[in-house]
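A.B. asks: Attaching a single structure in C-alpha cells format; questions to follow.
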Amino acid sequence: MSTVLRSRRIVTENGIVDGVIEINEGKIVRVGPAEGPIDLDFEDQRIIPGIIDIHNHGFGGWSMTDPATCRDVQGFAKAVASVGVTGVLPTAKEEAFEAIADCTDIPLEGAWIYGVHSEGPFWARGGENTVGEDYPLPDVEEAQRLIDKAKGKMVMMAIAPELPKAYDVIRLLHENGIKVASAHTKAYSEDIHKAMQEVGLDIVTHLCNGMRGIHHRNVGALGQYLLEDNLRYELITDLNHVCKEMIQICLKMQPVEKFCLISDSNYIAGLPTGHYMRYNKEMIADEKGLILDLHGRICGSGKWVLYNIGQLVNVVGVSLEDAVRMASLNPAKFLGIDQRTGSLAEGKQADLAVIDDQYQCLMTMVEGRIVYDNNQDKDVFNPEAMKRKIA
C-alpha cells in the first residue's frame with residue numbers, strides 16, 4: 001500500500017520540487033508532479049532527506065557516554081528523531097558500546113543506529129582551553145579491546161595522529177574497516193601531511209575545534225587539513241563553535257561535498273538551560289546553546305543539526321540545498337550507505353523530515369514509518385535527566 005506526501009518544497013539532489021513523494025513498502029517510488037489522491041499534504045512546509053548525524057554523544061537527556069542499556073539507546077533514537085534525524089552514529093564511551101551494538105541496523109521507533117563512534121581515547125587535546133587533562137597514548141592491544149567491546153559494530157575511531165604509535169593503531173583500524181578521524185590534536189601541518197602520506201586519515205573531527213589553528217609561519221593542523229585532497233570534514237555550524245567567517249573560509253577551500261554537518265551534542269541538548277552535574281562535575285547549558293564546564297571550556301553542543309542547517313542558511317548564506325546535502329547525503333556517502341539513503345530519490349528508503357521555516361521538525365519518517373509527529377509525540381526526553389539539574 002502506497003503513501004503519497006505533498007509539498008511545494010521537496011528538497012532533492014536536483015533542486016526544490018513542487019510535487020509529491022510516493023512511498024511504497026518503505027521506499028520512494030516516485031518524486032514528481034502531483035497526480036491522483038494525496039495522503040498527507042504539507043503545503044509550503046519543506047520535506048528534506050533525513051539528517052544523518054555521525055557525531056552525537058546524546059540528546060534530550062539520553063546519554064551515550066554513560067553506562068547504557070538498549071532502553072537508553074531506543075530512547076535516544078526516538079529523541080533525535082524529534083529533530084529530523086533518521087540515522088545516527090552514537091559517539092560513545094565504552095560503557096555504552098554493547099547496548100549500541102545490539103541496537104545497530106535494526107528497526108527502532110526512531111532513528112537508525114549505524115554503529116559505534118569512539119571519539120578517542122587516544123587524544124593530545126591541543127588548540128583549546130585545556131585544563132590539565134591527560135589521555136592514554138595509542139596502544140594496539142587497547143584499541144583491539146575496544147573494537148571487540150563494540151561487537152564488530154565500530155564504524156569510526158578518532159585519534160591524535162602525531163602521538164607515538166598512532167600509526168600502528170590507525171593501521172589496525174583500517175584493517176578492520178573502521179574509519180579514522182583525526183581529533184583533539186597538537187599536530188603541526190607537517191605532522192598531518194605525514195600521517196596522510198603514510199597511513200591515511202578519513203575525516204577530521206569537528207573541524208576548527210580541538211586542534212592547532214592557522215598561523216602565518218605554520219598553518220597548523222587546521223590549515224593542513226584544508227590543503228589535503230583526500231579528507232572529509234565534520235563541521236559544527238551552530239556559530240558558537242566556529243564563526244561565520246571561518247565557515248566561509250572552509251567552504252572556499254574545499255567543496256561542499258567534503259563536509260558533514262554534525263551536532264556534537266550531549267545529553268543536556270534539548271533540556272532547559274541551567275547547571276547540571278556530569279561525571280561529578282558541574283556543567284552549564286547556556287542560552288546560546290553551549291555546554292560549558294566551570295572553566296569556560298566548551299564540552300559539547302546544546303544544539304542539533306537541524307538548528308545548524310538554519311544557521312548555515314540564514315546567517316552564513318549557504319543555499320538550503322547545499323546545507324541539506326552536508327547534513328544528509330554527504331554523511332551517507334562517508335558511511336557508504338548513499339545507495340539506500342541520504343537523499344529523496346526513487347529507489348531509496350523513505351527517510352525524511354518535514355520542517356517549517358523556523359527549522360522546527362514537524363514529522364520524521366524512517367523507511368516510510370512515522371517515527372516522530374510533533375502533534376502526538378510530546379514526551380521524547382528522558383525524565384531521569386532532570387534529576388541532574390542543580391540550578
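Chains: A, B, ... in order of the C-alpha cells. Residues: from 1 per chain. Ligands: from 1, in order shown.
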Would you kindly return, as a ChimeraX atom specification, each protein, DNA or RNA residue with an atom no farther than 10 Å from any atom of Gly289 of chain A, considering only C-alpha atoms and excluding same-chain residues fewer than 2 positions away?
C.D. replies: /A:238-240,265,268-270,273,284-287,291-292,300-304
A.B. asks: What would the file look like if the residues just selected were written as a PDB file, in the first residue's frame with N, CA and C atoms?
C.D. replies:
ATOM      1  N   ASP A 238      26.681  25.723  14.490  1.00  0.00           N
ATOM      2  CA  ASP A 238      25.778  26.450  15.385  1.00  0.00           C
ATOM      3  C   ASP A 238      26.197  27.903  15.571  1.00  0.00           C
ATOM      4  N   LEU A 239      27.391  28.260  15.048  1.00  0.00           N
ATOM      5  CA  LEU A 239      28.006  29.592  15.146  1.00  0.00           C
ATOM      6  C   LEU A 239      28.489  29.905  16.557  1.00  0.00           C
ATOM      7  N   ASN A 240      28.462  28.919  17.426  1.00  0.00           N
ATOM      8  CA  ASN A 240      29.131  29.003  18.719  1.00  0.00           C
ATOM      9  C   ASN A 240      30.529  28.407  18.641  1.00  0.00           C
ATOM     10  N   SER A 265      26.368  17.095  20.064  1.00  0.00           N
ATOM     11  CA  SER A 265      25.529  17.362  21.244  1.00  0.00           C
ATOM     12  C   SER A 265      25.786  16.316  22.317  1.00  0.00           C
ATOM     13  N   ILE A 268      22.536  16.873  27.575  1.00  0.00           N
ATOM     14  CA  ILE A 268      21.855  18.083  28.037  1.00  0.00           C
ATOM     15  C   ILE A 268      21.143  18.793  26.885  1.00  0.00           C
ATOM     16  N   ALA A 269      21.581  18.558  25.644  1.00  0.00           N
ATOM     17  CA  ALA A 269      20.977  19.232  24.496  1.00  0.00           C
ATOM     18  C   ALA A 269      19.469  18.998  24.474  1.00  0.00           C
ATOM     19  N   GLY A 270      18.743  20.074  24.298  1.00  0.00           N
ATOM     20  CA  GLY A 270      17.288  19.993  24.274  1.00  0.00           C
ATOM     21  C   GLY A 270      16.633  20.181  25.618  1.00  0.00           C
ATOM     22  N   THR A 273      17.900  25.315  29.970  1.00  0.00           N
ATOM     23  CA  THR A 273      19.191  25.874  30.344  1.00  0.00           C
ATOM     24  C   THR A 273      19.369  25.809  31.858  1.00  0.00           C
ATOM     25  N   ILE A 284      27.352  23.652  32.557  1.00  0.00           N
ATOM     26  CA  ILE A 284      26.391  24.719  32.339  1.00  0.00           C
ATOM     27  C   ILE A 284      25.853  24.631  30.915  1.00  0.00           C
ATOM     28  N   ALA A 285      24.541  24.605  30.792  1.00  0.00           N
ATOM     29  CA  ALA A 285      23.873  24.735  29.487  1.00  0.00           C
ATOM     30  C   ALA A 285      23.391  26.175  29.374  1.00  0.00           C
ATOM     31  N   ASP A 286      24.037  26.946  28.479  1.00  0.00           N
ATOM     32  CA  ASP A 286      23.699  28.362  28.437  1.00  0.00           C
ATOM     33  C   ASP A 286      22.670  28.678  27.349  1.00  0.00           C
ATOM     34  N   GLU A 287      22.262  29.948  27.301  1.00  0.00           N
ATOM     35  CA  GLU A 287      21.191  30.362  26.409  1.00  0.00           C
ATOM     36  C   GLU A 287      21.600  30.287  24.933  1.00  0.00           C
ATOM     37  N   ILE A 291      27.471  23.979  25.887  1.00  0.00           N
ATOM     38  CA  ILE A 291      27.648  23.238  27.131  1.00  0.00           C
ATOM     39  C   ILE A 291      29.066  23.530  27.606  1.00  0.00           C
ATOM     40  N   LEU A 292      29.196  24.128  28.793  1.00  0.00           N
ATOM     41  CA  LEU A 292      30.482  24.585  29.298  1.00  0.00           C
ATOM     42  C   LEU A 292      30.788  23.949  30.647  1.00  0.00           C
ATOM     43  N   GLY A 300      30.858  20.348  24.355  1.00  0.00           N
ATOM     44  CA  GLY A 300      29.789  19.837  23.508  1.00  0.00           C
ATOM     45  C   GLY A 300      28.775  20.910  23.212  1.00  0.00           C
ATOM     46  N   SER A 301      27.831  20.546  22.386  1.00  0.00           N
ATOM     47  CA  SER A 301      26.822  21.498  21.941  1.00  0.00           C
ATOM     48  C   SER A 301      25.465  21.188  22.542  1.00  0.00           C
ATOM     49  N   GLY A 302      24.716  22.243  22.814  1.00  0.00           N
ATOM     50  CA  GLY A 302      23.329  22.093  23.234  1.00  0.00           C
ATOM     51  C   GLY A 302      22.366  22.223  22.074  1.00  0.00           C
ATOM     52  N   LYS A 303      22.898  22.289  20.856  1.00  0.00           N
ATOM     53  CA  LYS A 303      22.063  22.406  19.652  1.00  0.00           C
ATOM     54  C   LYS A 303      22.123  21.112  18.842  1.00  0.00           C
ATOM     55  N   TRP A 304      21.484  21.110  17.696  1.00  0.00           N
ATOM     56  CA  TRP A 304      21.333  19.905  16.890  1.00  0.00           C
ATOM     57  C   TRP A 304      21.495  20.287  15.431  1.00  0.00           C
TER      58      TRP A 304
END
A.B. asks: Need to verify the contact set: Val305 of chain A, 9 Å, only C-alpha atoms, exclusion of same-chain residues closer than 3 positions in sequence. Can you return it as a ChimeraX atom specification?
C.D. replies: /A:51-53,83-85,236-238,261-264,308-310,327
A.B. asks: Running DSSP on the backbone, which parts of segment 178-249 of chain A land in strand (DSSP E), as a list in words?
C.D. replies: Lys179, Val180, Ala181, Ser182, Ile203, Val204, Arg232, Tyr233, Glu234 and Leu235 of chain A
A.B. asks: DSSP on the backbone, helix (DSSP H, G or I) only: what residues of segment 95-316 of chain A does that give? Format it as a PyMOL selection string.
C.D. replies: chain A and resi 95-102+140-149+166-175+189-198+220-227+244-253+256-258+305-316
A.B. asks: Can you tell me which residues surround Gly120 of chain A at a distance of at most 8 Å, considering only C-alpha atoms, apart from same-chain residues fewer than 4 positions away, and format the answer as a ChimeraX atom specification?
C.D. replies: /A:157-159,183
A.B. asks: Measuring atom to atom with only C-alpha atoms, identify which of A:Asn266, A:Val4, A:Ala101, A:Gly115 is nearest to Met64 of chain A.
C.D. replies: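 Nearest candidate to Met64 of chain A out of A:Asn266, A:Val4, A:Ala101, A:Gly115: A:Asn266.
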A.B. asks: Taking 3 positions as the minimum chain separation for residues in the same chain, which residues sit within 8 Å of Glu282 of chain A when counting only C-alpha atoms? Answer as a list in words.
C.D. replies: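 In the requested form, the answer reads His275, Tyr276, Met277, Arg278, Asp293 and Leu294 of chain A.
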A.B. asks: Take the residues from that selection and write them out as a PDB file, in the first residue's frame, keeping N, CA, C and O atoms.
C.D. replies:
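Once written, out02.pdb looks like this:
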ATOM      1  N   HIS A 275      22.331  24.576  35.282  1.00  0.00           N
ATOM      2  CA  HIS A 275      23.522  23.857  35.739  1.00  0.00           C
ATOM      3  C   HIS A 275      23.162  22.390  35.996  1.00  0.00           C
ATOM      4  O   HIS A 275      22.151  22.106  36.660  1.00  0.00           O
ATOM      5  N   TYR A 276      23.990  21.490  35.490  1.00  0.00           N
ATOM      6  CA  TYR A 276      23.779  20.052  35.630  1.00  0.00           C
ATOM      7  C   TYR A 276      25.053  19.409  36.179  1.00  0.00           C
ATOM      8  O   TYR A 276      26.155  19.896  35.929  1.00  0.00           O
ATOM      9  N   MET A 277      24.892  18.310  36.901  1.00  0.00           N
ATOM     10  CA  MET A 277      26.037  17.530  37.356  1.00  0.00           C
ATOM     11  C   MET A 277      26.359  16.469  36.311  1.00  0.00           C
ATOM     12  O   MET A 277      25.472  15.764  35.833  1.00  0.00           O
ATOM     13  N   ARG A 278      27.647  16.369  35.977  1.00  0.00           N
ATOM     14  CA  ARG A 278      28.090  15.458  34.930  1.00  0.00           C
ATOM     15  C   ARG A 278      29.441  14.911  35.332  1.00  0.00           C
ATOM     16  O   ARG A 278      30.402  15.667  35.509  1.00  0.00           O
ATOM     17  N   ASP A 293      32.095  23.766  30.936  1.00  0.00           N
ATOM     18  CA  ASP A 293      32.446  23.424  32.297  1.00  0.00           C
ATOM     19  C   ASP A 293      32.696  24.723  33.072  1.00  0.00           C
ATOM     20  O   ASP A 293      32.578  25.831  32.521  1.00  0.00           O
ATOM     21  N   LEU A 294      33.042  24.613  34.348  1.00  0.00           N
ATOM     22  CA  LEU A 294      33.198  25.814  35.171  1.00  0.00           C
ATOM     23  C   LEU A 294      34.432  26.627  34.796  1.00  0.00           C
ATOM     24  O   LEU A 294      34.584  27.771  35.245  1.00  0.00           O
TER      25      LEU A 294
END
A.B. asks: Between A:Pro255, A:Leu271, A:Thr205, A:Gly210, single out the one closest to Pro383 of chain A, counting only C-alpha atoms.
C.D. replies: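 Ranking A:Pro255, A:Leu271, A:Thr205, A:Gly210 by distance to Pro383 of chain A, first place goes to A:Leu271.
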A.B. asks: Using only C-alpha atoms, find each residue of segment 166-282 of chain A with at least one atom at most 12 Å away from an atom of segment 330-342 of chain A; report its shortest atom-to-atom pair and that distance in Å (one decimal), sort the rows by chain and rising residue number, and return the result as JSON lines.
C.D. replies:
{"residue": "A:Gly177", "atom": "CA", "partner": "A:Leu335", "partner_atom": "CA", "distance": 11.0}
{"residue": "A:Ile178", "atom": "CA", "partner": "A:Leu335", "partner_atom": "CA", "distance": 10.1}
{"residue": "A:Lys179", "atom": "CA", "partner": "A:Leu335", "partner_atom": "CA", "distance": 8.7}
{"residue": "A:Val180", "atom": "CA", "partner": "A:Phe334", "partner_atom": "CA", "distance": 11.5}
{"residue": "A:Ala181", "atom": "CA", "partner": "A:Phe334", "partner_atom": "CA", "distance": 11.7}
{"residue": "A:Asp202", "atom": "CA", "partner": "A:Phe334", "partner_atom": "CA", "distance": 8.8}
{"residue": "A:Ile203", "atom": "CA", "partner": "A:Phe334", "partner_atom": "CA", "distance": 8.8}
{"residue": "A:Val204", "atom": "CA", "partner": "A:Phe334", "partner_atom": "CA", "distance": 12.0}
{"residue": "A:Asn230", "atom": "CA", "partner": "A:Phe334", "partner_atom": "CA", "distance": 12.0}
{"residue": "A:Leu231", "atom": "CA", "partner": "A:Phe334", "partner_atom": "CA", "distance": 10.3}
{"residue": "A:Arg232", "atom": "CA", "partner": "A:Phe334", "partner_atom": "CA", "distance": 7.9}
{"residue": "A:Tyr233", "atom": "CA", "partner": "A:Pro331", "partner_atom": "CA", "distance": 9.8}
{"residue": "A:Glu234", "atom": "CA", "partner": "A:Pro331", "partner_atom": "CA", "distance": 9.1}
{"residue": "A:Leu235", "atom": "CA", "partner": "A:Pro331", "partner_atom": "CA", "distance": 11.3}
{"residue": "A:Pro255", "atom": "CA", "partner": "A:Asn330", "partner_atom": "CA", "distance": 11.2}
{"residue": "A:Val256", "atom": "CA", "partner": "A:Asn330", "partner_atom": "CA", "distance": 8.7}
{"residue": "A:Glu257", "atom": "CA", "partner": "A:Asn330", "partner_atom": "CA", "distance": 6.1}
{"residue": "A:Lys258", "atom": "CA", "partner": "A:Asn330", "partner_atom": "CA", "distance": 7.0}
{"residue": "A:Phe259", "atom": "CA", "partner": "A:Asn330", "partner_atom": "CA", "distance": 6.7}
{"residue": "A:Cys260", "atom": "CA", "partner": "A:Pro331", "partner_atom": "CA", "distance": 5.5}
{"residue": "A:Leu261", "atom": "CA", "partner": "A:Pro331", "partner_atom": "CA", "distance": 8.0}
{"residue": "A:Ile262", "atom": "CA", "partner": "A:Pro331", "partner_atom": "CA", "distance": 9.2}
A.B. asks: Using C-alpha atoms, can you write the selected residues to a file as an mmCIF file, in the first residue's frame?
C.D. replies:
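In the end it all went to result13.cif:
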data_model
loop_
_atom_site.group_PDB
_atom_site.id
_atom_site.type_symbol
_atom_site.label_atom_id
_atom_site.label_comp_id
_atom_site.auth_asym_id
_atom_site.auth_seq_id
_atom_site.Cartn_x
_atom_site.Cartn_y
_atom_site.Cartn_z
ATOM 1 C CA GLY A 177 37.268 -1.481 8.007
ATOM 2 C CA ILE A 178 36.952 1.256 10.632
ATOM 3 C CA LYS A 179 37.083 4.918 9.615
ATOM 4 C CA VAL A 180 39.836 7.011 11.192
ATOM 5 C CA ALA A 181 39.093 10.539 12.364
ATOM 6 C CA ASP A 202 39.446 9.608 6.581
ATOM 7 C CA ILE A 203 37.791 12.568 8.266
ATOM 8 C CA VAL A 204 38.531 15.459 10.612
ATOM 9 C CA ASN A 230 41.515 13.132 0.357
ATOM 10 C CA LEU A 231 39.743 14.140 3.548
ATOM 11 C CA ARG A 232 36.208 14.760 4.695
ATOM 12 C CA TYR A 233 35.345 17.211 7.438
ATOM 13 C CA GLU A 234 32.899 17.192 10.317
ATOM 14 C CA LEU A 235 31.628 20.731 10.943
ATOM 15 C CA PRO A 255 33.903 21.739 -1.966
ATOM 16 C CA VAL A 256 30.585 21.331 -0.197
ATOM 17 C CA GLU A 257 30.702 17.595 -0.926
ATOM 18 C CA LYS A 258 33.533 17.137 1.600
ATOM 19 C CA PHE A 259 31.627 18.462 4.653
ATOM 20 C CA CYS A 260 29.371 16.576 7.085
ATOM 21 C CA LEU A 261 27.287 18.663 9.460
ATOM 22 C CA ILE A 262 27.343 17.283 12.992
#
A.B. asks: Go through A:Lys27, A:Lys348, A:Lys93, A:Lys194 and flag the residue nearest Glu162 of chain A, using only C-alpha atoms for the distances.
C.D. replies: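 Counting only C-alpha atoms, the residue closest to Glu162 of chain A is A:Lys194.
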A.B. asks: If we count only C-alpha atoms, what is near Gln254 of chain A at a cut-off of 9 Å, once residues fewer than 6 positions away on the same chain are taken out, given as a list in words?
C.D. replies: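 Listed by chain and then number, they are Leu226, Leu227 and Asp229 of chain A.
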A.B. asks: Restricting the calculation to only C-alpha atoms, which member of A:Val318, A:Leu172, A:Val20, A:Ile247 is positioned closest to His206 of chain A?
C.D. replies: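 Once distances to His206 of chain A are computed over only C-alpha atoms, the minimum belongs to A:Ile247.
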A.B. asks: For a test of reading the model, state the distance in Å between atom CA of Cys243 of chain A and atom CA of Ala124 of chain A, rounded to one decimal.
C.D. replies: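 Atom-to-atom, atom CA of Cys243 of chain A to atom CA of Ala124 of chain A, that is 23.7 Å.
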A.B. asks: By how many Å are atom CA of Ala79 of chain A and atom CA of Val380 of chain A apart?
C.D. replies: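 Separating atom CA of Ala79 of chain A from atom CA of Val380 of chain A is a distance of 5.1 Å.
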